[in-house]
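One structure below.
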Amino acid sequence: MRRFTWFNATSLTLGFVFLYLPMVILVIYSFNASKLVTVWAGFSTRWYGELLGNQAFLDAAWVTLKVAVASSTLATVLGTMAAYVLVRSGRFAGRTLFSGMIYAPLVMPEVITGLSLLLLFIGIGLDRGVLTIILAHTTFAMCYVSVVVSSRLVSFDRSLEEAALDLGCTPFTAFRLVTLPIIAPAVVSGWLLAFTLSLDDLVIASFTAGPSATTLPIKIFSAVRLGVSPEINALSTLMIAIVTVGVITASLISKRASLAQQRDAQAAARAQ
Amino acid sequence: MRRALLIAVPYLWLLALFLVPFLIVLKISLSDTALAIPPYLPTLDFTEGWAGIWGFLQELDFENFTFLTQDELYWRAYLSSVQIALISTVLTLLVGYPIAYGMASAPEHWRATLMMLVILPFWTSFLIRVYSWMGILSNEGLLNQLLQGLGLIDQPLIILNTNTAVYIGIVYTYLPFMILPIYAALEKMDAALLEAAEDFGCSRLTAFWLVTVPLSRQGIIAGCFLVFIPALGEFVIPSLLGGSGTLMIGKVLWEEFFNNRDWPVASAVAVILLLILIIPIILFQRNEQKQREREG
């Protein structure tokens with residue numbers, strides 16, 4: 001765009017310090033030996049030990065993981081179907097309502113989504129627990145997945161699909177052999193997004209979880225409401241570490257894939 | 001046949017788990033509170049046929065909405081939510097714009113890394129990001145320790161559990177939503193335009209105001225809506241960083257439901273929150289559509 005000035009460098013530095021410093025402090029203080037979270041009393045991994053010995057947290061983590069895997073997988077299937085319908089199915093009765101229902105949950109405040117689902121579950125007499133959280137998370141996550149996948153579907157060359165159909169594929173085989181491999185990166189990032197949204201959600205889970213199922217965010221929220229706690233710092237550090245490793249690995253894999261694709265394209269060009 | 005099935009599955013799912021629940025909220029907001037489980041009257045009874053539906057319709061009233069307009073708490077909560085969301089949006093713009101500007105001016109081979117650095121916090125838990133400020137802003141927290149250590153203040157600043165902490169929390173958590181659309185708009189800008197403005201004798205600041213800001217307008221508008229809309233219904237930030245004086249409608253709805261167990265009033269609060277949100281959402285969509293038309 002234009003020359004990189006001192007002003008640009010300063011605002012970038014300050015901006016990234018603002019974005020990262022609170023989390024760095026959290027990580028540092030998770031290794032604090034003192035129970036007083038704001039007074040440094042030497043290095044210790046004591047809180048990690050206590051965390052691993054805390055059965056309630058481990059149970060909540062297990063519930064959270066189950067919910068996240070189940071709901072993100074379901075949401076990916078439903079969201080990909082919805083994206084395909086939106087982009088490829090042309091006109092059908094109730095299309096406007098359908099696209100409205102895809103986009104509305106993205107801007108709906110979580111408190112309203114949570115409240116409305118809870119009232120539904122009580123209305124039909126479904127006991128609240130792991131199942132109701134999965135249903136709730138699937139519903140809002142499928143909308144995010146369908147937005148991600150449909151943006152990929154829009155940009156893709158339709159003649160490839162038509163060629164497969166002309167060569168005698170059934171629509172489903174054409175989807176499996178041609179469409180799916182091309183939209184696969186979007187489907188994977190949709191799944192990852194749904195997974196993270198589910199791991200992260202406090203409000204909707206609080207409404208739809210019964211006393212029998214507590215997720216990690218619910219547990220963390222009720223603990224930190226009373227103030228800062230070193231165990232939560234340790235837990236947060238573990239979660240930040242997992243996310244960082246995951247995101248960096250994913251971006252390295254996609255970088256390598258795009259490099260390989262480039263190499264293939266160059267090789268193909270040379271072969272001609 | 002296959003096509004019908006493909007449409008039907010996600011369609012029915014959304015009808016059952018998005019539209020129907022919302023209609024239930026609407027219905028309960030028009031019902032009366034009762035000491036029962038479920039704690040509201042009347043309930044719709046299809047077994048009585050049309051007579052049941054007629055009876056149900058006769059029992060509906062706007063009592064809860066009248067109640068909301070009469071009780072000052074709700075007015076104040078709505079107004080203060082709008083106010084907090086507006087102030088935070090402006091603050092996020094002021095913090096985010098220089099960062100987006102710096103990213104767009106950075107050498108091209110840095111940009112992918114800078115983008116990832118902006119997006120990475122978005123993948124980390126929202127709850128943890130809000131929580132990380134509690135240890136910094138509290139009375140014995142790191143910020144007060146630092147300021148007192150430097151001799152700048154004698155008494156600790158009271159920030160945690162005030163609206164200031166809520167502003168900081170919103171700016172911090174929603175910053176990526178502001179940076180990315182502004183960066184996208186600035187990146188497309190042609191540097192030659194700025195050079196032309198300077199050749200014609202504009203100072204750099206005037207060139208910024210007359211060229212850069214108008215050209216990034218779409219990004220600014222999109223960023224502001226992306227911060228304002230979720231901030232308005234925010235629950236986690238006001239309940240962790242705000243104080244008892246922080247009134248936000250998401251928090252009021254939560255307390256009405258979980259603490260007072262007043263479902264009809266909680267539902268009415270939800271309906272009004274949605275009515276308030278519809279205006280910015282429609283404006284936002286119109287803005288996006290205009291941009292698409294301009295580009296397409």
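Residue numbering restarts at 1 for every chain of the structure tokens, chains are lettered A, B, ... in their displayed order, and ligands are numbered from 1 as they appear.
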Please tabulate, as JSON lines, the residues of chain A that come within 7 Å of chain B, each with its closest pair of atoms and the distance in Å to one decimal, counting only C-alpha atoms and ordering rows by chain, then residue number upward.
```
{"residue": "A:Met1", "atom": "CA", "partner": "B:Ala191", "partner_atom": "CA", "distance": 5.0}
{"residue": "A:Arg2", "atom": "CA", "partner": "B:Ala191", "partner_atom": "CA", "distance": 5.7}
{"residue": "A:Arg3", "atom": "CA", "partner": "B:Ser105", "partner_atom": "CA", "distance": 6.5}
{"residue": "A:Phe4", "atom": "CA", "partner": "B:Ser105", "partner_atom": "CA", "distance": 5.4}
{"residue": "A:Asn8", "atom": "CA", "partner": "B:Gly102", "partner_atom": "CA", "distance": 4.3}
{"residue": "A:Ala9", "atom": "CA", "partner": "B:Gly102", "partner_atom": "CA", "distance": 6.6}
{"residue": "A:Ser11", "atom": "CA", "partner": "B:Ile99", "partner_atom": "CA", "distance": 5.6}
{"residue": "A:Leu12", "atom": "CA", "partner": "B:Ile99", "partner_atom": "CA", "distance": 5.2}
{"residue": "A:Gly15", "atom": "CA", "partner": "B:Ile99", "partner_atom": "CA", "distance": 6.0}
{"residue": "A:Leu19", "atom": "CA", "partner": "B:Tyr172", "partner_atom": "CA", "distance": 6.9}
{"residue": "A:Pro22", "atom": "CA", "partner": "B:Ser132", "partner_atom": "CA", "distance": 5.6}
{"residue": "A:Met23", "atom": "CA", "partner": "B:Ser132", "partner_atom": "CA", "distance": 6.2}
{"residue": "A:Leu26", "atom": "CA", "partner": "B:Ser132", "partner_atom": "CA", "distance": 6.0}
{"residue": "A:Thr38", "atom": "CA", "partner": "B:Gly141", "partner_atom": "CA", "distance": 5.9}
{"residue": "A:Leu78", "atom": "CA", "partner": "B:Pro10", "partner_atom": "CA", "distance": 5.7}
{"residue": "A:Met81", "atom": "CA", "partner": "B:Leu6", "partner_atom": "CA", "distance": 6.5}
{"residue": "A:Ala82", "atom": "CA", "partner": "B:Pro10", "partner_atom": "CA", "distance": 5.8}
{"residue": "A:Val85", "atom": "CA", "partner": "B:Ile7", "partner_atom": "CA", "distance": 6.1}
{"residue": "A:Phe98", "atom": "CA", "partner": "B:Tyr11", "partner_atom": "CA", "distance": 6.4}
{"residue": "A:Met101", "atom": "CA", "partner": "B:Leu14", "partner_atom": "CA", "distance": 6.6}
{"residue": "A:Pro109", "atom": "CA", "partner": "B:Gly233", "partner_atom": "CA", "distance": 5.3}
{"residue": "A:Val111", "atom": "CA", "partner": "B:Gly250", "partner_atom": "CA", "distance": 6.3}
{"residue": "A:Ile112", "atom": "CA", "partner": "B:Ala270", "partner_atom": "CA", "distance": 5.9}
{"residue": "A:Ser116", "atom": "CA", "partner": "B:Pro21", "partner_atom": "CA", "distance": 4.8}
{"residue": "A:Leu117", "atom": "CA", "partner": "B:Pro21", "partner_atom": "CA", "distance": 5.5}
{"residue": "A:Leu119", "atom": "CA", "partner": "B:Pro21", "partner_atom": "CA", "distance": 6.8}
{"residue": "A:Leu120", "atom": "CA", "partner": "B:Pro21", "partner_atom": "CA", "distance": 5.2}
{"residue": "A:Thr139", "atom": "CA", "partner": "B:Leu17", "partner_atom": "CA", "distance": 6.7}
{"residue": "A:Thr196", "atom": "CA", "partner": "B:Trp123", "partner_atom": "CA", "distance": 6.8}
{"residue": "A:Asp200", "atom": "CA", "partner": "B:Ser125", "partner_atom": "CA", "distance": 5.3}
{"residue": "A:Arg225", "atom": "CA", "partner": "B:Leu240", "partner_atom": "CA", "distance": 6.3}
{"residue": "A:Val228", "atom": "CA", "partner": "B:Gly135", "partner_atom": "CA", "distance": 6.2}
{"residue": "A:Ser236", "atom": "CA", "partner": "B:Ile128", "partner_atom": "CA", "distance": 6.3}
{"residue": "A:Ile240", "atom": "CA", "partner": "B:Thr124", "partner_atom": "CA", "distance": 6.1}
{"residue": "A:Val243", "atom": "CA", "partner": "B:Thr124", "partner_atom": "CA", "distance": 6.3}
```
Could you pull out all residues of stretch 84-240 of chain A with a DSSP call of helix (DSSP H, G or I) and give them as number ranges by chain?
-> A: 84-88, 95-107, 110-123, 130-154, 158-166, 171-200, 203-208, 216-224, 230-240
